[in-house]
Amino acid sequence: MSNKSVVETYIEGFRRTDHAMILGCLADDVEWVLHGYKTLRGKAAFDGEIENDAAEGSPTLVIDKLVEEDDTVVAVGHGTFTLKAAGPVDFVFSEVFTFVDGLVSRLETYHINLGGVGSLGETVV
């Protein structure tokens, strides 16, 4: 499977909230840098972040562009998720996937909510 295909599978896993599909794309020692939020290390920590208690349902995710160079794939896209306290929230994202032996070993996530709503439903000014 190509690195781009792995990224597409990973994104599809989030669309379905399918933990096994997502985790199957990752190296055991994966590092996930959620810029402006936190950094996670290892599959168990990653698994714990797949779902958020403040959200409900699965997100809508659209990949607008996939760019690959050497062991890196960049995904740029947009989507919508639903917060229990605030309803639907539109967002844009960019993710940088670094691969080792066909698995994601490092992921850098840049995520911006649109419309002034924070990730927990609070108003952001």
# chains A, B, ... in the order shown; residues from 1 in each chain; ligands from 1
$ residues_around --residues "Cys25 in chain A" --least-positions-apart "6" --cutoff "12 Å" --atoms "only C-alpha atoms" --output "PDB file with C-alpha atoms, in the first residue's frame"
ATOM      1  CA  MET A   1       0.000   0.000   0.000  1.00  0.00           C
ATOM      2  CA  SER A   2       1.381   3.432  -0.908  1.00  0.00           C
ATOM      3  CA  ASN A   3       1.874   6.083   1.760  1.00  0.00           C
ATOM      4  CA  LYS A   4      -0.979   8.119   0.243  1.00  0.00           C
ATOM      5  CA  SER A   5      -3.245   5.067   0.481  1.00  0.00           C
ATOM      6  CA  VAL A   6      -2.338   4.671   4.152  1.00  0.00           C
ATOM      7  CA  VAL A   7      -3.335   8.308   4.757  1.00  0.00           C
ATOM      8  CA  GLU A   8      -6.636   7.768   2.932  1.00  0.00           C
ATOM      9  CA  THR A   9      -7.301   4.678   5.080  1.00  0.00           C
ATOM     10  CA  TYR A  10      -6.424   6.634   8.233  1.00  0.00           C
ATOM     11  CA  ILE A  11      -8.844   9.456   7.315  1.00  0.00           C
ATOM     12  CA  GLU A  12     -11.568   6.922   6.472  1.00  0.00           C
ATOM     13  CA  GLY A  13     -11.026   5.409   9.917  1.00  0.00           C
ATOM     14  CA  PHE A  14     -11.797   8.787  11.489  1.00  0.00           C
ATOM     15  CA  ASP A  18     -13.041   2.966  13.567  1.00  0.00           C
ATOM     16  CA  HIS A  19     -10.230   2.668  16.098  1.00  0.00           C
ATOM     17  CA  LYS A  43      -0.688   3.751  20.124  1.00  0.00           C
ATOM     18  CA  PHE A  46      -3.283   7.909  20.353  1.00  0.00           C
ATOM     19  CA  ASP A  47      -6.280   5.598  20.801  1.00  0.00           C
ATOM     20  CA  PHE A  97       2.449  12.247   8.140  1.00  0.00           C
ATOM     21  CA  THR A  98       5.979  10.828   8.395  1.00  0.00           C
ATOM     22  CA  PHE A  99       6.375   7.153   7.495  1.00  0.00           C
ATOM     23  CA  VAL A 100       8.769   4.397   8.544  1.00  0.00           C
ATOM     24  CA  ASP A 101       8.355   0.946   6.965  1.00  0.00           C
ATOM     25  CA  GLY A 102       4.922   1.814   5.556  1.00  0.00           C
ATOM     26  CA  LEU A 103       3.420   2.999   8.853  1.00  0.00           C
ATOM     27  CA  VAL A 104       2.861   6.481  10.279  1.00  0.00           C
ATOM     28  CA  SER A 105       5.632   7.115  12.804  1.00  0.00           C
ATOM     29  CA  ARG A 106       4.916  10.814  13.365  1.00  0.00           C
ATOM     30  CA  LEU A 107       1.844  12.934  12.768  1.00  0.00           C
TER      31      LEU A 107
END
$ closest_residue --among "A:Lys84, A:Met21, A:Thr39, A:Glu95" --to "Val67 in chain A" --atoms "only C-alpha atoms"
A:Glu95
$ select_by_dssp --residues "chain A" --states "strand (DSSP E)" --output "PyMOL selection string"
chain A and resi 26-34+38-41+55-69+72-83+87-100+103-113
$ residues_around --residues "Thr17 in chain A" --least-positions-apart "4" --cutoff "8 Å" --atoms "only C-alpha atoms" --output "list of chain:residue names"
A:Gly13, A:Ile50, A:Glu51, A:Ser58
$ residues_around --residues "Val76 in chain A" --least-positions-apart "6" --cutoff "9 Å" --atoms "only C-alpha atoms" --output "list in words"
Val62, Ile63, Asp64, Lys65, Leu66, Val67, Val92, Phe93, Ser94, Glu95 and Val96 of chain A
$ closest_residue --among "A:Leu61, A:Gly42, A:Gly24, A:Thr72" --to "Asp90 in chain A" --atoms "only C-alpha atoms"
A:Leu61
$ atom_distance --atom1 "CA of Ala55 in chain A" --atom2 "CA of Gly36 in chain A"
19.0 Å
$ select_by_dssp --residues "chain A" --states "alpha helix (DSSP H)" --output "PyMOL selection string"
chain A and resi 3-16+19-23+43-49
$ write_last_selection --atoms "N, CA and C atoms" --output "compact mmCIF listing (two decimals), in the first residue's frame"
# COMPACT_ATOMS: atom_id res chain seq x y z
N ASN A 3 2.04 5.20 0.61
CA ASN A 3 1.87 6.08 1.76
C ASN A 3 0.59 6.90 1.64
N LYS A 4 0.27 7.37 0.44
CA LYS A 4 -0.98 8.12 0.24
C LYS A 4 -2.19 7.24 0.57
N SER A 5 -2.14 5.98 0.18
CA SER A 5 -3.25 5.07 0.48
C SER A 5 -3.41 4.86 1.98
N VAL A 6 -2.28 4.80 2.69
CA VAL A 6 -2.34 4.67 4.15
C VAL A 6 -3.03 5.89 4.75
N VAL A 7 -2.70 7.08 4.26
CA VAL A 7 -3.34 8.31 4.76
C VAL A 7 -4.84 8.28 4.46
N GLU A 8 -5.21 7.85 3.28
CA GLU A 8 -6.64 7.77 2.93
C GLU A 8 -7.36 6.77 3.84
N THR A 9 -6.72 5.66 4.16
CA THR A 9 -7.30 4.68 5.08
C THR A 9 -7.44 5.27 6.48
N TYR A 10 -6.41 5.97 6.92
CA TYR A 10 -6.42 6.63 8.23
C TYR A 10 -7.60 7.62 8.33
N ILE A 11 -7.76 8.47 7.33
CA ILE A 11 -8.84 9.46 7.31
C ILE A 11 -10.20 8.74 7.30
N GLU A 12 -10.32 7.69 6.51
CA GLU A 12 -11.57 6.92 6.47
C GLU A 12 -11.87 6.33 7.85
N GLY A 13 -10.84 5.91 8.56
CA GLY A 13 -11.03 5.41 9.92
C GLY A 13 -11.64 6.46 10.83
N PHE A 14 -11.20 7.71 10.69
CA PHE A 14 -11.80 8.79 11.49
C PHE A 14 -13.23 9.07 11.04
N ARG A 15 -13.50 8.99 9.76
CA ARG A 15 -14.88 9.18 9.29
C ARG A 15 -15.83 8.17 9.92
N ARG A 16 -15.33 6.97 10.14
CA ARG A 16 -16.14 5.88 10.70
C ARG A 16 -16.00 5.74 12.22
N HIS A 19 -11.52 2.66 15.42
CA HIS A 19 -10.23 2.67 16.10
C HIS A 19 -9.24 1.70 15.45
N ALA A 20 -9.67 0.48 15.15
CA ALA A 20 -8.76 -0.52 14.58
C ALA A 20 -8.23 -0.07 13.23
N MET A 21 -9.07 0.55 12.41
CA MET A 21 -8.64 1.02 11.09
C MET A 21 -7.57 2.11 11.24
N ILE A 22 -7.80 3.02 12.17
CA ILE A 22 -6.85 4.11 12.41
C ILE A 22 -5.54 3.56 12.96
N LEU A 23 -5.63 2.77 14.03
CA LEU A 23 -4.44 2.26 14.70
C LEU A 23 -3.62 1.34 13.80
N LYS A 43 0.66 4.06 20.62
CA LYS A 43 -0.69 3.75 20.12
C LYS A 43 -1.76 3.90 21.20
N ALA A 44 -1.45 3.52 22.44
CA ALA A 44 -2.47 3.60 23.50
C ALA A 44 -2.89 5.05 23.74
N ALA A 45 -1.93 5.96 23.79
CA ALA A 45 -2.25 7.38 23.97
C ALA A 45 -3.02 7.90 22.77
N PHE A 46 -2.61 7.50 21.59
CA PHE A 46 -3.28 7.91 20.35
C PHE A 46 -4.74 7.44 20.38
N ASP A 47 -4.94 6.18 20.76
CA ASP A 47 -6.28 5.60 20.80
C ASP A 47 -7.20 6.39 21.73
N GLY A 48 -6.66 6.85 22.85
CA GLY A 48 -7.44 7.61 23.81
C GLY A 48 -7.89 8.97 23.31
N GLU A 49 -7.27 9.47 22.25
CA GLU A 49 -7.58 10.80 21.72
C GLU A 49 -8.49 10.74 20.49
$ closest_residue --among "A:Ile112, A:Ala86, A:Val73, A:Ala54" --to "Tyr37 in chain A" --atoms "only C-alpha atoms"
A:Ile112
$ atom_distance --atom1 "CA of Thr109 in chain A" --atom2 "CA of Leu34 in chain A"
4.9 Å
$ closest_residue --among "A:Leu40, A:Leu26, A:Val33, A:Leu114" --to "Phe81 in chain A" --atoms "only C-alpha atoms"
A:Leu114
